[in-house]
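First the structure, in the form of structure tokens, and then the observations on it.
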4 protein chains.
Amino acid sequence: MVIVMRHKATDEEVAQVVGQIESLGFKAHLSSGEERTVIGVIGDERPVEPETFEVLPGVEKALRILKPYKLASRDFHPDDSVVRINGHSLGGQQVIIMAGPCSVESREQLMDAAAAVKAAGAHVLRGGAFKPRTSPYAFQGLGLKGLELLREARDEFRLPIVTEVMSPQEVTLVAQYADVLQVGSRNMQNFALLHAVGEIQKPVLLKRGLMATIEELLMAAEYILSHGNTRVILCERGIRTFETATRNTFDINAIPVLKSLTHLPVIADPSHGTGKWELVAPIARAAVAAGADGVIVEVHADPAHALSDGAQSLTPDNFNKLVSQVRCVAQAIGRTV
Amino acid sequence: MVIVMRHKATDEEVAQVVGQIESLGFKAHLSSGEERTVIGVIGDERPVEPETFEVLPGVEKALRILKPYKLASRDFHPDDSVVRINGHSLGGQQVIIMAGPCSVESREQLMDAAAAVKAAGAHVLRGGAFKPRTSPYAFQGLGLKGLELLREARDEFRLPIVTEVMSPQEVTLVAQYADVLQVGSRNMQNFALLHAVGEIQKPVLLKRGLMATIEELLMAAEYILSHGNTRVILCERGIRTFETATRNTFDINAIPVLKSLTHLPVIADPSHGTGKWELVAPIARAAVAAGADGVIVEVHADPAHALSDGAQSLTPDNFNKLVSQVRCVAQAIGRTV
Amino acid sequence: MVIVMRHKATDEEVAQVVGQIESLGFKAHLSSGEERTVIGVIGDERPVEPETFEVLPGVEKALRILKPYKLASRDFHPDDSVVRINGHSLGGQQVIIMAGPCSVESREQLMDAAAAVKAAGAHVLRGGAFKPRTSPYAFQGLGLKGLELLREARDEFRLPIVTEVMSPQEVTLVAQYADVLQVGSRNMQNFALLHAVGEIQKPVLLKRGLMATIEELLMAAEYILSHGNTRVILCERGIRTFETATRNTFDINAIPVLKSLTHLPVIADPSHGTGKWELVAPIARAAVAAGADGVIVEVHADPAHALSDGAQSLTPDNFNKLVSQVRCVAQAIGRTV
Amino acid sequence: MVIVMRHKATDEEVAQVVGQIESLGFKAHLSSGEERTVIGVIGDERPVEPETFEVLPGVEKALRILKPYKLASRDFHPDDSVVRINGHSLGGQQVIIMAGPCSVESREQLMDAAAAVKAAGAHVLRGGAFKPRTSPYAFQGLGLKGLELLREARDEFRLPIVTEVMSPQEVTLVAQYADVLQVGSRNMQNFALLHAVGEIQKPVLLKRGLMATIEELLMAAEYILSHGNTRVILCERGIRTFETATRNTFDINAIPVLKSLTHLPVIADPSHGTGKWELVAPIARAAVAAGADGVIVEVHADPAHALSDGAQSLTPDNFNKLVSQVRCVAQAIGRTV
């Protein structure tokens, strides 16, 4: 950490900061410029917050030097982590495609979607049984019955399943049915849930919060990793900005930034990242061109009658086209689907 | 809801939209302008989402007419709701002051803070036992021991207690100790938690998410209200914007907007709303001037050694000054502290 | 426009709104729902602002139905506009590459960059003579001398020139030297400047403001178009969000959204869109995969000694790689470079 | 500046950074931590940008220590600057009130508004003659005729005038009529205009851009100050965020932050800061409670027929109430109106 003293900070103020640094077990390193004194903190600063120093008299600001995460960092794990999902490797040369309906609504609806995405070449089936909904009056998911239908689809189409878990006490249950547990955007900083999924041994798909910085996403991953689960998949799904033409702003920059900061695999969700089905294919292509290790896409046989997210769901036909396009782009940058 | 058709939408497309409207039990009302056909949906649109129509061919967009919340709305409950917290009335003529440390760290620290805030005139003691922290390596709170210390302080200083609850399975426990349960910003859309606090009969302090719209805050309140708990207190605590000079941007506009949209009491948290102790008093004054029913402020006897949020905590002396200033401003607009 | 009355608005309030509608030459169309009366405004609403009605008693809100731009809209000009820049066609099948230094610094620096980008296959040379800089103490550009050097490079390398114009009185001068005039992000709503470039007959490259919505960008284009200049090129260059890991957030969604709303060509600036040279190639690939008609990239022979934007400038070698990669991606979606 | 090297940066990389520092005339100061080497740059770093170093191999990031502005800074000018506007002192003990219509529309409209604001106790009359409008089809202001009407109102009501100037070539003209020249939000980084108003000797009211940081606002002020005009007034008028319930988010934190960083006077514009007339009085009270030196408010005798900004304009009656309320709040914090 680097502590910047205010213009004309007194010697006593500097001494007090040095005292605080040393009392925490660090070494202090002074550097007096023309207008400011700057004090370096030597040691592993991660457990310390800048405000520990900013509160002292005479301090203008304290700046972190080290990133606050360690297990998620490429500095400490230079090689790409590859997460195995049944037969498939996510984070390697292949681009993985996950697809399926937003919510599981009925056996027929799920089987239709599963058949369609399997035929188009998807590797993993998605579908929500427990649904986080902004309105208490909206469809909240089929719950356990949804999980059972997902298992049926899994067996019939030999597709591993990714589905969301919403609270710590449901983790064990959902882990009995799912191959990958999803932590949704609105729960990215639900620390009790992160703790719980950190203690199981199944891959976790961690979606970036719509208000979360890239650093906060990596800190959320660090929570899971620090509890022993090393199979974390990150997902960019759009952030909230002032722009209202789209439901969210897909942060394409986050793809290469994450690939450089962390060894964990990174996938893209162009359905939530845009909120409009017409935009899903172009943004899926863009994400793969930018280096995403996979995409997760909402597909529904009859979007006009979907109980949730119809506007951003692709028909089987349009999903087919998306897969072909993504395949061409993947080849253009030396990868396969 | 109003559905705007695309330029040159065909008659069949219009007919399909009308069919969808009627199949959902609404009446359709057509209006053909020079460039666009617009279709009104007559009926209680709340359970329906705009995308139900936006996914249909020929539809440009669907716009909500009614607000999606009902129980939280002033339309359906014109008079102010007053929430009783032990002897105090929040939401009436008096401005209520809640204060105390960010985290409960030790008996001595809590008792010092409680004595100080009581002496300065605070009505409610705050303090965190379960702490949501961005980093898994940071102090996570004392848990149950923290709750016990809060009860001790409550009894000794006759101050009702507000403390945070982080997961559904802890609600019953926390409710045994706290007079008011806090749902933190990062959990504002933790729907499992909202459901759980909706089923108890204690006041809930619901903090606005740092990237939640005012409407989403009211929808989160609606979750709690719809499960039967009518004692919901809303709290503006700063939103996330591009500005980095402060930790958050305190949304002062939200105070009068909320007071006009809802009957629920609205308080302000200038500590999190700014992140810097020097700014807490000016923003507390501003919030009261704008119509807030109360403030919640972080106070620590020794901010430089606080285990969390030191940079935004007031010393007892500075808190004393804040209370005097807030009292003067409250009188200027015809209220008392 | 659709005007939503408040819950329990009176008949007199409704009558006053209808009066206002009719006094402006429109027809009113009433629709009474269960909870609200909604009034449609029939006619070309573009010159009218919603607040004309929102200010009336009993009105909750007024919602636009028509987009406020017309000349820029695909509704009124369904086919793609192709802008000719000397030999090249922007907005057609080919992806156009513009490249060069941020600022013109010296003859040697410009000629080195021009030679490099020509060799790599760029179609247009960029370079700033008048530079908008956040600090009054930073390098402000070479001005007229910079324009003369650009002409020299233009003649020697047979590359058309794009350069920025910062104020109305410089438009005539810059138009004597440049093939394309750039209106920079910070001037996107400098209406005096938009007016001035609307009166010349050279292509204008209009960069989206870092705070501007897609609709505001199209309204800025409408200013230029409405003064008679039909050759407007739009450029997405990153918007400002809460994320600080990158200089800006490149709004990849804006590419397909713009292509659907307008007939004007759309290019991408991954240099400003990211602020970091390592991210420029992935985002250039992504933009082309999403449908951009071209890219504009900062290239400098010695970025470490650039007088501006060094951190986001590519070396000639890295630019060469970018062009190859963009070519592959363009082919993957059926276009050429 | 402090330069943070990457994990495992080589000695050559460190040496190259040191070389760059010294070639720019600074001294380098090395500090080797356990995981990173950090290099301090000793000297006045203001003219140098972090990217000058970030582009070098092995550099992770460069952090500014000094603020980039000097003339605007309280470090170099500790006492408050008081700007005299005819008889009135802005930036001292008194809270100054500026009010009037958004646009000058006609003699009658302006005189009505001027009479009303004078009667209510305003000190300065506002009114726009040159209007920046998002749409080319909207009313663009009366121009020179508007300036003449403003002079008439000035003479009749003995109210100094503040009015906007939109381009460099109009500065001399507007300065002949106005007592204070306003630079609008969308022109906050129109550097040619800042340069031009820096060369006159009249007070300048500089409005914060709707997506400008506090630091960028101070840099824009620095432009004006660096060209010799010391009479700069800053104005917070709301920033753009994700919240759509209000036109802008009034950044109340900016008031005390600016008062601590700069000696320049700071006023508040609650009309643009909210966009809704019902919110103007609460936010005006809040701004004064937070320490604003004045407010600027839109007033129109007949808001429903205003040619611009009707929805946020107060009637004379409501403006009267605002002045009384602001007076009470000012007294509560020891100031007068």
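Scheme for the structure tokens: letters A, B, ... for chains in order shown; per-chain residue numbers from 1; ligand numbers from 1 in order shown.
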
Open item on the list: Select, as number ranges by chain, those residues of chain C with any atom no more than 10 Å from chain A (distances computed using only C-alpha atoms).
Closed with: C: 211-215, 238-246, 248-258, 260, 270, 273-274, 276, 278-291, 325-334

- [ ] Using DSSP on the backbone, list every residue of segment 111-199 of chain B that comes out as strand (DSSP E or B), and give them as a list in words.
- [x]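 Answer for segment 111-199 of chain B restricted to strand (DSSP E or B) is Val124, Leu125, Arg126, Gly128, Ile161, Val162, Thr163, Glu164, Val180, Leu181, Gln182 and Val183 of chain B.
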
- [ ] Using only C-alpha atoms, find the one residue out of D:Gly121, D:Pro132, D:Gly127, D:Gly198 that sits nearest to Ile96 of chain D.
- [x]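 Using only C-alpha atoms, the shortest distance to Ile96 of chain D belongs to D:Gly121.
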
TODO: Do a neighbour search on segment 42-50 of chain B at 8 Å with only C-alpha atoms, toss out local chain neighbours closer than 3 positions, and write the hits as JSON, numbers by chain.
DONE: {"A": [137, 138], "B": [1, 26, 27, 28, 29, 53, 54, 61, 62, 63, 64, 66, 67, 68, 69], "C": [32, 33, 34]}

Okay, now the selection with N, CA and C atoms, as an mmCIF file, in the first residue's frame?
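Here's the written file part.cif:
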```cif
data_model
loop_
_atom_site.group_PDB
_atom_site.id
_atom_site.type_symbol
_atom_site.label_atom_id
_atom_site.label_comp_id
_atom_site.auth_asym_id
_atom_site.auth_seq_id
_atom_site.Cartn_x
_atom_site.Cartn_y
_atom_site.Cartn_z
ATOM 1 N N TYR A 137 -44.891 -11.276 -7.548
ATOM 2 C CA TYR A 137 -46.082 -11.773 -8.226
ATOM 3 C C TYR A 137 -45.746 -12.563 -9.493
ATOM 4 N N ALA A 138 -44.459 -12.626 -9.865
ATOM 5 C CA ALA A 138 -44.070 -13.341 -11.080
ATOM 6 C C ALA A 138 -43.810 -14.816 -10.762
ATOM 7 N N MET B 1 -50.630 -1.462 -19.852
ATOM 8 C CA MET B 1 -49.468 -1.528 -20.729
ATOM 9 C C MET B 1 -49.850 -0.974 -22.088
ATOM 10 N N PHE B 26 -57.031 -9.873 -20.827
ATOM 11 C CA PHE B 26 -57.147 -8.417 -20.888
ATOM 12 C C PHE B 26 -58.001 -8.023 -22.094
ATOM 13 N N LYS B 27 -58.354 -6.740 -22.104
ATOM 14 C CA LYS B 27 -58.972 -6.203 -23.305
ATOM 15 C C LYS B 27 -57.937 -5.377 -24.070
ATOM 16 N N ALA B 28 -58.044 -5.392 -25.404
ATOM 17 C CA ALA B 28 -57.121 -4.617 -26.234
ATOM 18 C C ALA B 28 -57.831 -3.372 -26.747
ATOM 19 N N HIS B 29 -57.062 -2.315 -26.909
ATOM 20 C CA HIS B 29 -57.634 -1.036 -27.309
ATOM 21 C C HIS B 29 -56.704 -0.435 -28.365
ATOM 22 N N PHE B 53 -44.941 -9.278 -24.673
ATOM 23 C CA PHE B 53 -45.406 -8.744 -25.959
ATOM 24 C C PHE B 53 -44.244 -8.392 -26.875
ATOM 25 N N GLU B 54 -43.133 -7.992 -26.290
ATOM 26 C CA GLU B 54 -42.013 -7.533 -27.127
ATOM 27 C C GLU B 54 -41.465 -8.647 -28.004
ATOM 28 N N LYS B 61 -41.933 -1.994 -28.962
ATOM 29 C CA LYS B 61 -41.696 -2.023 -27.524
ATOM 30 C C LYS B 61 -43.030 -2.048 -26.786
ATOM 31 N N ALA B 62 -42.972 -2.454 -25.520
ATOM 32 C CA ALA B 62 -44.161 -2.435 -24.670
ATOM 33 C C ALA B 62 -43.798 -1.623 -23.434
ATOM 34 N N LEU B 63 -44.670 -0.697 -23.065
ATOM 35 C CA LEU B 63 -44.380 0.218 -21.955
ATOM 36 C C LEU B 63 -45.384 -0.017 -20.833
ATOM 37 N N ARG B 64 -44.864 -0.186 -19.634
ATOM 38 C CA ARG B 64 -45.750 -0.311 -18.475
ATOM 39 C C ARG B 64 -46.466 1.002 -18.196
ATOM 40 N N LEU B 66 -48.839 0.966 -15.285
ATOM 41 C CA LEU B 66 -48.954 0.877 -13.825
ATOM 42 C C LEU B 66 -47.597 0.559 -13.218
ATOM 43 N N LYS B 67 -47.366 1.058 -12.027
ATOM 44 C CA LYS B 67 -46.173 0.663 -11.303
ATOM 45 C C LYS B 67 -46.336 -0.797 -10.897
ATOM 46 N N PRO B 68 -45.233 -1.539 -10.861
ATOM 47 C CA PRO B 68 -45.370 -2.980 -10.618
ATOM 48 C C PRO B 68 -45.615 -3.331 -9.144
ATOM 49 N N TYR B 69 -45.543 -2.358 -8.236
ATOM 50 C CA TYR B 69 -45.783 -2.657 -6.808
ATOM 51 C C TYR B 69 -47.147 -2.092 -6.413
ATOM 52 N N SER C 32 -59.692 4.522 -20.917
ATOM 53 C CA SER C 32 -59.817 4.477 -19.468
ATOM 54 C C SER C 32 -59.651 3.057 -18.974
ATOM 55 N N GLY C 33 -58.558 2.819 -18.245
ATOM 56 C CA GLY C 33 -58.327 1.498 -17.665
ATOM 57 C C GLY C 33 -58.965 1.418 -16.293
ATOM 58 N N GLU C 34 -58.680 0.340 -15.562
ATOM 59 C CA GLU C 34 -59.279 0.191 -14.243
ATOM 60 C C GLU C 34 -58.708 1.187 -13.248
#
```

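Of the listed residues (B:Ile97, B:Leu150, B:Met188, B:Ala306), B:Ile97 comes nearest to Val323 of chain B; the distances count only C-alpha atoms.
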
Task: Filtered DSSP result for segment 60-273 of chain D, state alpha helix (DSSP H), as an NGL selection string - done: :D and (107-120 or 144-157 or 171-177 or 191-198 or 214-226 or 254-261 or 270-273)

- [ ] For atom CA of Phe130 of chain D and atom CA of Ser23 of chain C, quote the distance in Å rounded to one decimal.
- [x] 26.6 Å

- [ ] For Pro78 of chain B, work out the shell of residues within 10 Å, counting only C-alpha atoms and skipping chain neighbours fewer than 5 positions away, then give it as a ChimeraX atom specification.
- [x] /B:73,260-263

Task: Residue nearest Gly146 of chain B - candidates B:Pro101, B:Pro168, B:Gly19, B:Pro265, atoms counted: only C-alpha atoms - done: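 Answer, going by the shortest atom-to-atom distance: B:Pro101.
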
Task: Exercise: Leu149 of chain B partners within 7 Å, only C-alpha atoms, chain neighbours under 4 positions left out, as a list in words - done: Arg107, Lys145 and Ala153 of chain B
